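This is work.cif. It holds mmCIF, C-alpha atoms.
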data_run
loop_
_atom_site.label_atom_id
_atom_site.label_comp_id
_atom_site.auth_asym_id
_atom_site.auth_seq_id
_atom_site.Cartn_x
_atom_site.Cartn_y
_atom_site.Cartn_z
CA MET H 1 -69.50 -11.90 -76.08
CA PHE H 2 -69.06 -8.16 -76.66
CA ALA H 3 -69.78 -6.04 -79.69
CA ASP H 4 -66.81 -4.08 -81.03
CA ASN H 5 -68.37 -0.79 -80.02
CA GLU H 6 -68.71 -1.91 -76.38
CA MET H 7 -65.04 -2.77 -75.88
CA GLY H 8 -63.60 -0.28 -78.30
CA PRO H 9 -61.59 -1.13 -81.38
CA ALA H 10 -58.27 -1.18 -79.51
CA VAL H 11 -59.35 -4.12 -77.32
CA THR H 12 -61.05 -6.31 -79.90
CA GLY H 13 -58.94 -9.31 -80.89
CA ARG H 14 -56.33 -8.92 -78.16
CA LEU H 15 -55.50 -11.45 -75.47
CA LEU H 16 -54.19 -9.05 -72.82
CA VAL H 17 -55.48 -5.62 -71.86
CA THR H 18 -54.25 -2.83 -69.59
CA GLU H 19 -55.91 -1.85 -66.33
CA THR H 20 -57.68 1.08 -68.01
CA GLU H 21 -58.98 -1.14 -70.81
CA ALA H 22 -60.07 -3.79 -68.31
CA ALA H 23 -62.12 -1.22 -66.39
CA HIS H 24 -63.71 -0.13 -69.67
CA VAL H 25 -64.60 -3.73 -70.61
CA LEU H 26 -66.26 -4.18 -67.21
CA HIS H 27 -68.03 -0.80 -67.51
CA VAL H 28 -66.59 0.51 -64.24
CA SER H 29 -64.24 3.32 -63.28
CA ILE H 30 -60.55 2.61 -62.71
CA SER H 31 -60.94 3.23 -58.98
CA THR H 32 -63.88 0.79 -58.81
CA PHE H 33 -61.85 -1.74 -60.79
CA ARG H 34 -58.94 -1.46 -58.37
CA ARG H 35 -61.07 -1.43 -55.22
CA ASP H 36 -63.77 -3.98 -56.01
CA VAL H 37 -62.43 -6.23 -58.76
CA LEU H 38 -58.75 -6.44 -57.82
CA GLY H 39 -59.16 -5.75 -54.10
CA LYS H 40 -61.64 -8.58 -53.66
CA GLY H 41 -59.52 -10.99 -55.70
CA TYR H 42 -61.88 -11.58 -58.64
CA ILE H 43 -58.96 -11.39 -61.06
CA LYS H 44 -55.20 -11.00 -60.87
CA PRO H 45 -52.68 -9.53 -63.31
CA VAL H 46 -50.87 -11.92 -65.63
CA ASP H 47 -47.36 -12.91 -64.53
CA LEU H 48 -44.97 -11.82 -67.27
CA PRO H 49 -41.61 -13.48 -67.97
CA GLY H 50 -38.42 -11.99 -66.66
CA GLY H 51 -40.09 -10.26 -63.73
CA THR H 52 -41.51 -7.55 -65.98
CA ARG H 53 -43.84 -5.36 -63.93
CA ARG H 54 -46.88 -4.37 -65.93
CA ASN H 55 -50.49 -4.92 -64.96
CA LEU H 56 -52.05 -6.78 -67.85
CA TYR H 57 -55.22 -8.84 -67.65
CA LYS H 58 -56.58 -11.66 -69.79
CA LEU H 59 -59.53 -10.47 -71.84
CA GLU H 60 -60.97 -13.99 -71.57
CA THR H 61 -61.04 -13.70 -67.76
CA LEU H 62 -62.79 -10.34 -67.92
CA GLU H 63 -65.40 -11.69 -70.33
CA ARG H 64 -66.01 -14.67 -68.05
CA LEU H 65 -66.48 -12.33 -65.08
CA VAL H 66 -69.06 -10.29 -67.02
CA ASN H 67 -70.89 -13.42 -68.18
CA GLU H 68 -71.07 -14.80 -64.63
CA ALA H 69 -72.48 -11.49 -63.37
CA GLU H 70 -75.09 -11.47 -66.14
CA GLU H 71 -76.10 -15.06 -65.32
CA ARG H 72 -76.48 -14.19 -61.62
CA SER H 73 -78.58 -11.17 -62.55
CA LEU H 74 -80.84 -13.23 -64.79
CA ALA H 75 -81.25 -15.90 -62.11
CA ALA H 76 -82.16 -13.24 -59.54
CA ASP H 77 -84.76 -11.79 -61.92
CA LYS H 78 -86.40 -15.22 -62.32
CA ALA H 79 -86.57 -15.80 -58.57
#
Take the structure I supplied and represent it as structure tokens, if you would.
Amino acid sequence: MFADNEMGPAVTGRLLVTETEAAHVLHVSISTFRRDVLGKGYIKPVDLPGGTRRNLYKLETLERLVNEAEERSLAADKA
């Protein structure tokens, strides 16, 4: 999926990441992440038990989003 140096050592091996880390994984700014990724409903924060309010995102979901974008880009290049 990603090399350690692309995600940063703090993200590697974790299941959940913060909003800032998620933006870094997707290679976008935090404002772009909020506006385009969250605003358009591509991903949603994980619901935590006990009504805890913290925006955490599944790393697996972010990786899937990146892979889908790469596949669309490759398909567009072939067309």
So what does the PyMOL selection byres ((chain H and resi 62) around 12) actually pick up in this one, as JSON, numbers by chain? {"H": [1, 2, 7, 11, 15, 16, 17, 18, 19, 21, 22, 23, 24, 25, 26, 27, 33, 37, 38, 42, 43, 44, 45, 56, 57, 58, 59, 60, 61, 63, 64, 65, 66, 67, 68, 69]}
Expressed in Å to a single decimal, how great is the separation between CA of Gly13 (chain H) and CA of Val46 (chain H)?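 So the answer is 17.5 Å.
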Quick one: pull the distance between CA of Arg34 (chain H) and CA of Leu74 (chain H), Å, one decimal.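 So the answer is 25.7 Å.
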May I ask for the distance between CA of Ser31 (chain H) and CA of Asn55 (chain H), given in Å to one decimal place?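 Separating CA of Ser31 (chain H) from CA of Asn55 (chain H) is a distance of 14.5 Å.
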